$ cat target_21.txt   # compact mmCIF, C-alpha atoms
# COMPACT_ATOMS: atom_id res chain seq x y z
CA MET A 1 131.45 185.77 67.19
CA ASP A 2 132.27 188.88 69.12
CA HIS A 3 129.99 187.71 71.88
CA THR A 4 131.85 184.38 72.05
CA THR A 5 135.23 186.13 72.19
CA ALA A 6 134.12 188.42 75.00
CA SER A 7 132.77 185.45 76.92
CA ASP A 8 136.05 183.61 76.53
CA GLU A 9 137.98 186.63 77.71
CA ASN A 10 135.75 186.97 80.77
CA THR A 11 136.16 183.29 81.51
CA SER A 12 139.94 183.55 81.21
CA LYS A 13 139.96 186.60 83.47
CA ASP A 14 137.81 184.85 86.08
CA PHE A 15 140.07 181.83 85.96
CA LYS A 16 143.16 183.98 86.50
CA GLN A 17 141.56 185.64 89.50
CA PHE A 18 140.49 182.26 90.85
CA ALA A 19 143.96 180.77 90.36
CA THR A 20 145.69 183.82 91.85
CA LYS A 21 143.60 183.67 94.99
CA ARG A 22 144.24 179.96 95.40
CA ILE A 23 147.97 180.35 94.87
CA VAL A 24 148.16 183.13 97.46
CA VAL A 25 146.17 181.06 99.96
CA VAL A 26 148.39 178.01 99.37
CA VAL A 27 151.57 180.08 99.85
CA LEU A 28 150.22 181.59 103.07
CA LEU A 29 149.19 178.18 104.36
CA ALA A 30 152.64 176.81 103.55
CA LEU A 31 154.29 179.66 105.48
CA VAL A 32 152.00 179.10 108.44
CA ILE A 33 152.76 175.37 108.44
CA LEU A 34 156.50 176.08 108.30
CA TRP A 35 156.17 178.54 111.18
CA VAL A 36 154.22 176.03 113.29
CA ILE A 37 156.79 173.31 112.61
CA ALA A 38 159.65 175.66 113.55
CA THR A 39 157.84 176.75 116.72
CA VAL A 40 157.06 173.21 117.83
CA ALA A 41 160.59 172.02 117.07
CA GLY A 42 162.07 174.92 119.00
CA PHE A 43 159.67 174.38 121.91
CA PHE A 44 160.58 170.73 122.38
CA SER A 45 164.31 171.09 121.75
CA VAL A 46 166.47 171.17 124.83
CA SER A 47 169.61 173.22 124.66
CA LYS A 48 172.41 171.21 126.21
CA GLU A 49 174.69 174.25 126.06
CA LEU A 50 172.54 175.98 128.69
CA ALA A 51 173.09 173.18 131.20
CA SER A 52 175.88 173.26 133.72
CA GLY A 53 178.47 172.64 131.02
CA PRO A 54 179.89 169.63 129.19
CA ALA A 55 180.16 166.97 131.87
CA HIS A 56 182.47 164.72 129.87
CA SER A 57 184.74 167.26 128.24
CA THR A 58 188.47 166.65 128.45
CA ALA A 59 189.15 169.99 130.10
CA GLU A 60 186.57 169.43 132.85
CA ALA A 61 187.89 165.93 133.44
CA LEU A 62 191.42 167.25 133.83
CA LEU A 63 190.19 169.97 136.17
CA ALA A 64 188.33 167.45 138.34
CA THR A 65 191.39 165.18 138.44
CA SER A 66 193.60 168.09 139.42
CA GLU A 67 191.25 169.08 142.24
CA THR A 68 191.18 165.49 143.53
CA ILE A 69 194.96 165.27 143.56
CA SER A 70 195.31 168.63 145.30
CA HIS A 71 193.06 167.56 148.19
CA GLY A 72 194.73 164.18 148.65
CA THR A 73 198.45 164.91 148.28
CA THR A 74 200.94 167.39 149.66
CA GLY A 75 202.22 169.71 147.00
CA THR A 76 202.34 167.77 143.74
CA SER A 77 199.50 169.50 141.88
CA ALA A 78 199.47 172.77 140.02
CA LEU A 79 196.59 174.00 142.15
CA HIS A 80 198.68 173.62 145.28
CA ASP A 81 201.43 175.67 143.66
CA SER A 82 198.94 178.39 142.79
CA ALA A 83 197.60 178.52 146.32
CA ALA A 84 201.12 178.77 147.71
CA GLU A 85 201.99 181.63 145.38
CA HIS A 86 198.99 183.69 146.45
CA ALA A 87 199.17 182.97 150.16
CA ALA A 88 199.85 185.99 152.41
CA PRO A 89 203.19 186.08 154.29
CA ALA A 90 201.39 186.06 157.64
CA VAL A 91 199.91 182.61 156.98
CA GLN A 92 201.75 179.43 157.87
CA PRO A 93 201.20 176.33 155.72
CA GLY A 94 198.87 173.81 157.36
CA PRO A 95 198.68 170.06 157.00
CA SER A 96 196.48 170.37 153.92
CA PRO A 97 197.55 172.10 150.67
CA HIS A 98 194.44 174.26 150.92
CA ALA A 99 194.41 174.91 154.64
CA ALA A 100 195.79 177.95 156.38
CA THR A 101 196.67 178.33 160.05
CA PRO A 102 196.71 181.94 161.24
CA VAL A 103 199.78 183.13 163.10
CA GLN A 104 199.14 183.65 166.77
CA GLY A 105 199.98 187.20 167.65
CA SER A 106 198.94 190.13 169.77
CA ALA A 107 195.32 191.20 170.14
CA GLY A 108 193.94 192.76 167.00
CA ASP A 109 196.20 190.89 164.60
CA GLN A 110 194.27 189.68 161.58
CA ALA A 111 194.86 186.53 159.59
CA ALA A 112 195.10 187.13 155.89
CA PRO A 113 192.96 185.00 153.59
CA VAL A 114 194.52 182.29 151.51
CA ALA A 115 193.60 182.19 147.83
CA HIS A 116 192.13 178.81 147.04
CA GLY A 117 193.75 177.37 143.95
CA ASP A 118 191.49 177.00 140.93
CA SER A 119 191.94 176.85 137.22
CA GLY A 120 191.35 180.56 136.81
CA THR A 121 193.95 181.52 139.40
CA ALA A 122 196.47 178.98 138.21
CA THR A 123 196.46 180.33 134.69
CA GLY A 124 196.34 183.96 135.68
CA ALA A 125 193.06 184.51 133.88
CA HIS A 126 191.43 186.34 136.76
CA ALA A 127 192.40 189.51 138.47
CA PRO A 128 194.49 188.90 141.58
CA VAL A 129 192.64 189.46 144.81
CA THR A 130 194.05 191.98 147.23
CA LYS A 131 194.10 191.65 150.94
CA ALA A 132 191.14 193.24 152.69
CA PRO A 133 191.89 196.25 154.89
CA ALA A 134 192.20 196.04 158.62
CA GLY A 135 188.91 195.46 160.35
CA SER A 136 187.47 193.09 157.70
CA SER A 137 189.08 189.69 157.91
CA HIS A 138 188.24 186.65 155.84
CA GLY A 139 190.03 184.21 158.09
CA THR A 140 188.25 181.58 160.12
CA SER A 141 189.73 182.89 163.37
CA SER A 142 188.81 186.52 162.93
CA SER A 143 188.01 188.41 166.13
CA VAL A 144 186.16 191.21 164.36
CA SER A 145 182.37 190.97 164.49
CA SER A 146 180.58 191.51 161.21
CA GLY A 147 176.96 191.73 160.23
CA HIS A 148 177.36 190.23 156.74
CA ALA A 149 177.61 186.60 155.84
CA ALA A 150 179.31 185.43 152.68
CA PRO A 151 177.08 184.32 149.83
CA ALA A 152 176.04 180.69 149.61
CA GLY A 153 178.78 178.30 148.53
CA HIS A 154 181.69 180.50 149.59
CA ALA A 155 182.62 179.05 152.94
CA PRO A 156 182.61 175.42 154.11
CA GLN A 157 180.37 174.53 157.04
CA ALA A 158 179.34 178.10 157.78
CA GLU A 159 176.91 176.87 160.45
CA GLN A 160 179.84 175.68 162.58
CA SER A 161 181.54 179.06 162.61
CA ALA A 162 181.85 180.94 165.84
CA PRO A 163 179.65 184.02 166.32
CA GLY A 164 180.98 187.06 164.56
CA GLU A 165 183.09 185.19 162.04
CA HIS A 166 183.05 186.48 158.51
CA ALA A 167 182.92 183.76 155.90
CA ALA A 168 185.42 183.85 153.07
CA PRO A 169 184.26 184.96 149.64
CA SER A 170 184.25 183.00 146.42
CA GLY A 171 187.65 181.80 145.31
CA HIS A 172 189.16 182.37 148.78
CA VAL A 173 187.85 179.49 150.82
CA VAL A 174 189.91 178.78 153.92
CA SER A 175 189.64 175.20 155.07
CA PRO A 176 188.80 174.50 158.71
CA ALA A 177 191.41 173.67 161.28
CA ALA A 178 193.08 170.29 160.96
CA GLY A 179 191.47 167.49 162.88
CA HIS A 180 187.86 168.65 162.41
CA GLY A 181 187.34 166.13 159.60
CA VAL A 182 185.52 168.63 157.35
CA ALA A 183 186.50 168.84 153.69
CA PRO A 184 186.84 172.34 152.20
CA ALA A 185 184.07 173.52 149.89
CA GLU A 186 184.58 173.62 146.16
CA PRO A 187 185.71 177.12 145.12
CA GLN A 188 183.54 179.15 142.78
CA VAL A 189 185.35 180.59 139.78
CA PRO A 190 184.70 184.36 139.59
CA GLY A 191 182.23 185.20 136.84
CA VAL A 192 180.37 181.90 136.72
CA ALA A 193 177.65 183.06 139.12
CA LEU A 194 177.05 186.28 137.17
CA VAL A 195 176.81 184.56 133.78
CA ASP A 196 174.44 181.94 135.19
CA ALA A 197 172.29 184.71 136.66
CA VAL A 198 172.13 186.50 133.29
CA ILE A 199 171.14 183.28 131.53
CA LYS A 200 168.43 182.24 134.00
CA PRO A 201 165.70 184.91 133.42
CA MET A 202 165.95 184.87 129.60
CA LYS A 203 166.12 181.08 129.54
CA HIS A 204 162.86 180.96 131.48
CA GLU A 205 161.14 183.33 129.03
CA LEU A 206 162.39 181.48 125.96
CA TYR A 207 162.19 177.85 127.04
CA ASP A 208 160.09 177.46 130.18
CA ARG A 209 157.25 179.97 129.78
CA PHE A 210 154.19 178.67 127.99
CA TRP A 211 154.15 179.78 124.34
CA GLY A 212 157.67 181.14 124.70
CA TRP A 213 158.61 184.57 123.39
CA ARG A 214 155.51 186.70 122.79
CA PRO A 215 156.29 190.32 121.82
CA ASN A 216 156.45 189.33 118.13
CA ASP A 217 153.29 187.19 118.05
CA ILE A 218 150.86 187.97 115.22
CA LEU A 219 147.87 187.53 117.52
CA ASN A 220 148.74 189.54 120.60
CA PHE A 221 146.53 188.74 123.57
CA THR A 222 149.02 188.89 126.46
CA ASP A 223 150.49 192.37 126.56
CA ASN A 224 151.35 192.01 130.26
CA VAL A 225 153.67 189.05 129.65
CA ASN A 226 155.02 190.79 126.56
CA ASN A 227 156.13 193.85 128.52
CA TYR A 228 157.50 191.69 131.34
CA GLN A 229 159.68 189.88 128.80
CA LEU A 230 160.83 193.19 127.34
CA GLY A 231 161.99 194.26 130.80
CA VAL A 232 164.00 191.06 131.23
CA LEU A 233 165.46 191.51 127.75
CA GLU A 234 166.62 195.06 128.46
CA VAL A 235 168.53 193.98 131.56
CA THR A 236 170.13 191.15 129.57
CA ARG A 237 171.15 193.52 126.78
CA ARG A 238 172.82 196.01 129.09
CA THR A 239 174.61 193.25 130.99
CA ALA A 240 175.87 191.71 127.74
CA VAL A 241 177.31 195.06 126.66
CA ILE A 242 179.17 195.65 129.93
CA LEU A 243 180.45 192.07 130.03
CA ALA A 244 181.81 192.36 126.50
CA GLU A 245 183.22 195.88 126.75
CA ARG A 246 184.42 196.16 130.36
CA ILE A 247 184.35 193.15 132.68
CA SER A 248 186.01 190.67 130.32
CA ARG A 249 188.73 193.10 129.19
CA ALA A 250 191.76 194.35 131.10
CA GLY A 251 191.69 197.65 129.22
CA SER A 252 190.57 199.44 126.08
CA THR A 253 193.42 197.96 124.04
CA GLU A 254 192.42 194.34 124.65
CA SER A 255 190.36 192.53 122.03
CA PHE A 256 186.73 191.60 122.66
CA ASP A 257 185.85 188.14 123.86
CA ARG A 258 184.33 186.45 120.81
CA ASN A 259 181.50 184.70 122.70
CA LEU A 260 180.46 187.86 124.54
CA GLU A 261 180.66 189.96 121.38
CA ASN A 262 178.34 187.52 119.59
CA ALA A 263 175.92 187.46 122.53
CA MET A 264 175.85 191.27 122.62
CA ASN A 265 174.97 191.40 118.91
CA TRP A 266 172.30 188.67 119.07
CA PHE A 267 170.43 190.33 121.92
CA MET A 268 170.23 193.56 119.95
CA VAL A 269 167.79 192.00 117.45
CA SER A 270 164.43 193.80 117.63
CA ALA A 271 162.11 192.03 120.05
CA ASP A 272 158.99 192.43 117.90
CA LYS A 273 160.59 191.36 114.62
CA TYR A 274 158.64 188.42 113.22
CA TRP A 275 161.12 186.68 110.95
CA PHE A 276 164.46 186.98 109.12
CA PRO A 277 165.84 186.80 111.72
CA SER A 278 163.43 185.70 114.42
CA PRO A 279 164.30 187.15 117.84
CA GLU A 280 163.69 183.81 119.56
CA GLY A 281 166.39 182.12 117.51
CA LYS A 282 168.93 184.88 118.00
CA TYR A 283 168.25 185.19 121.72
CA LYS A 284 168.75 181.45 122.13
CA GLU A 285 172.02 181.77 120.23
CA GLY A 286 172.99 184.56 122.62
CA LEU A 287 172.35 182.32 125.63
CA LYS A 288 174.55 179.64 124.04
CA GLU A 289 177.33 182.21 123.65
CA PHE A 290 176.98 183.11 127.33
CA ALA A 291 177.16 179.43 128.26
CA ALA A 292 180.28 178.96 126.15
CA TYR A 293 181.95 181.93 127.87
CA ARG A 294 180.97 180.50 131.27
CA ASP A 295 182.47 177.11 130.42
CA ARG A 296 185.69 178.79 129.32
CA LEU A 297 185.81 180.63 132.64
CA LYS A 298 185.62 177.32 134.48
CA ILE A 299 188.75 176.00 132.76
CA GLY A 300 190.65 179.29 132.96
CA ASN A 301 190.37 180.14 129.27
CA ALA A 302 188.50 183.45 129.67
CA ARG A 303 188.85 186.64 131.66
CA PHE A 304 186.59 188.15 134.31
CA TRP A 305 187.94 191.19 136.13
CA THR A 306 186.56 191.93 139.59
CA ARG A 307 187.98 195.45 139.87
CA THR A 308 185.89 198.46 140.83
CA ASP A 309 186.32 200.00 137.37
CA SER A 310 184.68 196.85 135.97
CA LEU A 311 181.77 196.80 138.41
CA ILE A 312 180.89 200.51 138.39
CA PRO A 313 179.83 200.65 134.68
CA LEU A 314 177.52 197.67 135.27
CA LEU A 315 175.87 199.38 138.24
CA ILE A 316 175.53 202.63 136.28
CA ALA A 317 173.72 200.79 133.48
CA TYR A 318 171.30 199.29 136.00
CA GLU A 319 170.78 202.64 137.73
CA ASP A 320 169.88 204.30 134.41
CA LEU A 321 167.42 201.54 133.56
CA LEU A 322 165.74 201.75 136.97
CA GLY A 323 165.54 205.52 136.58
CA SER A 324 163.61 205.12 133.33
CA CYS A 325 161.23 202.63 134.98
CA ASP A 326 160.76 205.00 137.92
CA GLU A 327 159.79 207.88 135.64
CA ASN A 328 157.26 205.76 133.74
CA LEU A 329 155.72 204.60 137.01
CA VAL A 330 155.21 208.06 138.52
CA LYS A 331 154.44 210.30 135.55
CA ALA A 332 150.87 211.55 135.14
CA THR A 333 151.07 212.49 131.45
CA GLU A 334 152.76 211.16 128.35
CA ASP A 335 155.24 213.12 126.26
CA ASP A 336 152.43 214.48 124.08
CA GLY A 337 150.56 215.85 127.10
CA SER A 338 147.84 213.18 127.23
CA GLU A 339 147.10 211.34 130.44
CA VAL A 340 148.62 207.91 131.02
CA SER A 341 145.92 205.49 129.91
CA PHE A 342 144.81 202.34 131.69
CA PHE A 343 146.47 200.19 129.03
CA ALA A 344 149.76 202.10 129.17
CA ALA A 345 149.77 201.92 132.97
CA ASP A 346 149.90 198.12 133.09
CA ASP A 347 152.51 198.09 130.31
CA TYR A 348 154.80 200.28 132.42
CA PHE A 349 154.00 198.17 135.49
CA PHE A 350 154.95 194.79 134.00
CA TYR A 351 158.00 196.16 132.18
CA ALA A 352 159.36 197.41 135.53
CA LYS A 353 158.57 194.05 137.14
CA GLY A 354 160.56 192.27 134.44
CA VAL A 355 163.50 194.59 135.10
CA ALA A 356 163.28 194.03 138.87
CA ASN A 357 163.09 190.26 138.48
CA ALA A 358 166.20 190.07 136.29
CA LEU A 359 168.13 192.47 138.53
CA TYR A 360 167.22 190.47 141.61
CA GLU A 361 168.97 187.44 140.16
CA ILE A 362 171.96 189.35 138.81
CA LEU A 363 172.64 191.46 141.91
CA HIS A 364 172.83 188.30 144.01
CA ALA A 365 175.50 187.05 141.61
CA VAL A 366 177.30 190.40 141.77
CA GLU A 367 177.56 189.91 145.52
CA GLN A 368 179.24 186.54 144.99
CA ASP A 369 181.64 187.39 142.20
CA PHE A 370 182.63 190.85 143.49
CA TYR A 371 182.55 189.94 147.17
CA VAL A 372 186.12 190.98 147.97
CA THR A 373 185.78 194.27 146.07
CA LEU A 374 182.49 195.12 147.76
CA GLU A 375 183.65 194.21 151.24
CA ALA A 376 186.88 196.16 150.91
CA ARG A 377 184.84 199.30 150.10
CA ARG A 378 182.11 198.58 152.68
CA GLY A 379 179.51 198.18 149.96
CA LEU A 380 177.90 194.86 150.91
CA GLU A 381 175.21 196.37 153.13
CA VAL A 382 174.22 198.89 150.47
CA LEU A 383 173.98 196.14 147.86
CA HIS A 384 171.79 194.10 150.22
CA HIS A 385 169.35 197.01 150.40
CA ALA A 386 169.19 197.20 146.60
CA ILE A 387 168.54 193.45 146.37
CA GLU A 388 165.81 193.66 148.99
CA SER A 389 164.15 196.53 147.14
CA CYS A 390 164.05 194.44 143.96
CA HIS A 391 162.50 191.64 145.97
CA HIS A 392 159.76 193.95 147.25
CA ALA A 393 159.04 195.00 143.67
CA ILE A 394 158.68 191.39 142.57
CA GLU A 395 156.23 190.65 145.39
CA ILE A 396 153.74 193.29 144.16
CA ASP A 397 151.46 191.14 142.01
CA PRO A 398 147.87 192.44 141.77
CA ILE A 399 145.25 190.61 139.74
CA ILE A 400 144.15 193.80 137.97
CA ILE A 401 146.35 196.86 137.52
CA THR A 402 144.46 199.99 138.52
CA ASN A 403 145.67 203.50 137.83
CA ALA A 404 143.45 205.40 140.25
CA SER A 405 144.09 208.77 141.81
CA LEU A 406 146.66 208.82 144.56
CA SER A 407 143.93 210.17 146.87
CA GLY A 408 141.26 207.74 145.67
CA ILE A 409 139.85 204.54 147.14
CA LEU A 410 141.31 202.27 144.48
CA ALA A 411 145.04 201.61 144.34
CA ASN A 412 147.47 203.20 141.96
CA HIS A 413 149.64 200.17 141.33
CA ARG A 414 152.15 202.13 139.30
CA ALA A 415 152.84 204.31 142.33
CA ASN A 416 153.01 201.25 144.59
CA LEU A 417 155.67 199.67 142.39
CA ALA A 418 157.53 202.96 141.98
CA ALA A 419 158.54 202.97 145.67
CA PRO A 420 160.76 199.83 145.68
CA ILE A 421 162.03 200.60 142.18
CA SER A 422 163.09 204.06 143.34
CA HIS A 423 164.73 202.59 146.44
CA ALA A 424 166.71 200.11 144.36
CA ARG A 425 167.90 202.90 142.09
CA PHE A 426 168.87 205.02 145.10
CA TYR A 427 170.92 202.28 146.74
CA LEU A 428 172.72 201.48 143.49
CA GLY A 429 173.60 205.17 143.25
CA VAL A 430 174.96 205.09 146.80
CA LEU A 431 176.95 201.96 145.99
CA ILE A 432 178.43 203.61 142.91
CA GLU A 433 179.56 206.57 145.02
CA THR A 434 180.97 204.21 147.65
CA LEU A 435 183.01 202.28 145.11
CA SER A 436 184.20 205.48 143.42
CA THR A 437 185.82 206.91 146.57

$ encode --input "target_21.txt" --output "structure tokens"
Amino acid sequence: MDHTTASDENTSKDFKQFATKRIVVVVLLALVILWVIATVAGFFSVSKELASGPAHSTAEALLATSETISHGTTGTSALHDSAAEHAAPAVQPGPSPHAATPVQGSAGDQAAPVAHGDSGTATGAHAPVTKAPAGSSHGTSSSVSSGHAAPAGHAPQAEQSAPGEHAAPSGHVVSPAAGHGVAPAEPQVPGVALVDAVIKPMKHELYDRFWGWRPNDILNFTDNVNNYQLGVLEVTRRTAVILAERISRAGSTESFDRNLENAMNWFMVSADKYWFPSPEGKYKEGLKEFAAYRDRLKIGNARFWTRTDSLIPLLIAYEDLLGSCDENLVKATEDDGSEVSFFAADDYFFYAKGVANALYEILHAVEQDFYVTLEARRGLEVLHHAIESCHHAIEIDPIIITNASLSGILANHRANLAAPISHARFYLGVLIETLST
């Protein structure tokens, strides 16, 4: 009898172990299936918010109608009124509500730029643009030769300009002389280019790259891509903070923009966190918040200040980040005194490349949105050098990252990448000093 009881107890114990193992396996399989379904659904979903904005929204329709009226009539639209209010006294009204004819005067007289009416200017949502100092004219009949051309989309028919003319920046397009039959270009609302440039690199890593976001993968086989994505993320984080705290606010007493505050918080989620919350989901939410802020800028319902005290903190954040990358690319030992290993070397390399790639996009947008500020302080050429340095960093793309001696036959790719990264950091530092004086 005792033998039978013991046998039953052993059988019951074996059954419990058997059932427990099966239950655990079933639960794990269920979680894996749920994860796969969520990943596939997220991979094939297309975020309409990240597109160019709601094409059929009422606000955009009204804006388009207003622009059409302003180009076809003589003074009946609100945009025409805005342009007239911001026009310089030295400019005489032309035959078109957006055209400006410079006053003929003595040699050396400069024609002041005319602010092109847009929704942001009409509502007062953007910082007013000041007249550039003598020697840097935005007019189409400027006699001062300049070596810088305005960014793409800022001046109509730039190829027809006379040699030495300086194209007008975004938001200050001056239409050509009457009778040429050329329609003025559509003005770019300040801030739209920068937000689009911040969205683009992270959108590529989340939506367009094969297998999406990778730093939190359970099976980690692509550490190079992982570190590249971390570099892009860090630039996005720092930009989100400056946009929320400085560029979108007139001062420290103004409330935070809700969309930018949400984006700043979502991008702070740990990149290697697996679930609850997943970084992919929160980063995608952050991009949607950026897109919502951009769309509000287009209709004049958000602020974007192009002052020097708004731009300098952004450049300082980028300079600090490039300084960290530079140190990791040139150091011979880690903090604990050990030599930089082969595996750590390529991690540092691809992280810095991710930073350079994101900055390359964003600095181009900085040139567009802060064109007047940069030109007034003679900072355009310095910014061009920083952009070119980022481009050189992106072009360094070896098949295998070697960490050989600086005097050896094999390359030290960390040191090769450190040169353009250091140059970009240097030129941003020079630009900061230029804007501060």

$ atom_distance --input "target_21.txt" --atom1 "CA of Ala415 (chain A)" --atom2 "CA of Asn226 (chain A)"
20.9 Å

$ closest_residue --input "target_21.txt" --among "A:Thr239, A:Ser422, A:Ser405, A:Pro279" --to "Glu327 (chain A)" --atoms "all atoms listed in the file"
A:Ser422

$ atom_distance --input "target_21.txt" --atom1 "CA of Glu367 (chain A)" --atom2 "CA of Arg414 (chain A)"
28.9 Å

$ atom_distance --input "target_21.txt" --atom1 "CA of Ala345 (chain A)" --atom2 "CA of Ala419 (chain A)"
15.5 Å

$ closest_residue --input "target_21.txt" --among "A:Asn416, A:Asn259, A:Asn216, A:Ser324" --to "Arg303 (chain A)" --atoms "only C-alpha atoms"
A:Asn259

$ closest_residue --input "target_21.txt" --among "A:Pro190, A:His204, A:Tyr351, A:Trp266" --to "Val372 (chain A)" --atoms "only C-alpha atoms"
A:Pro190

$ closest_residue --input "target_21.txt" --among "A:Arg249, A:Arg294, A:Arg209, A:Arg237" --to "Phe267 (chain A)" --atoms "all atoms listed in the file"
A:Arg237
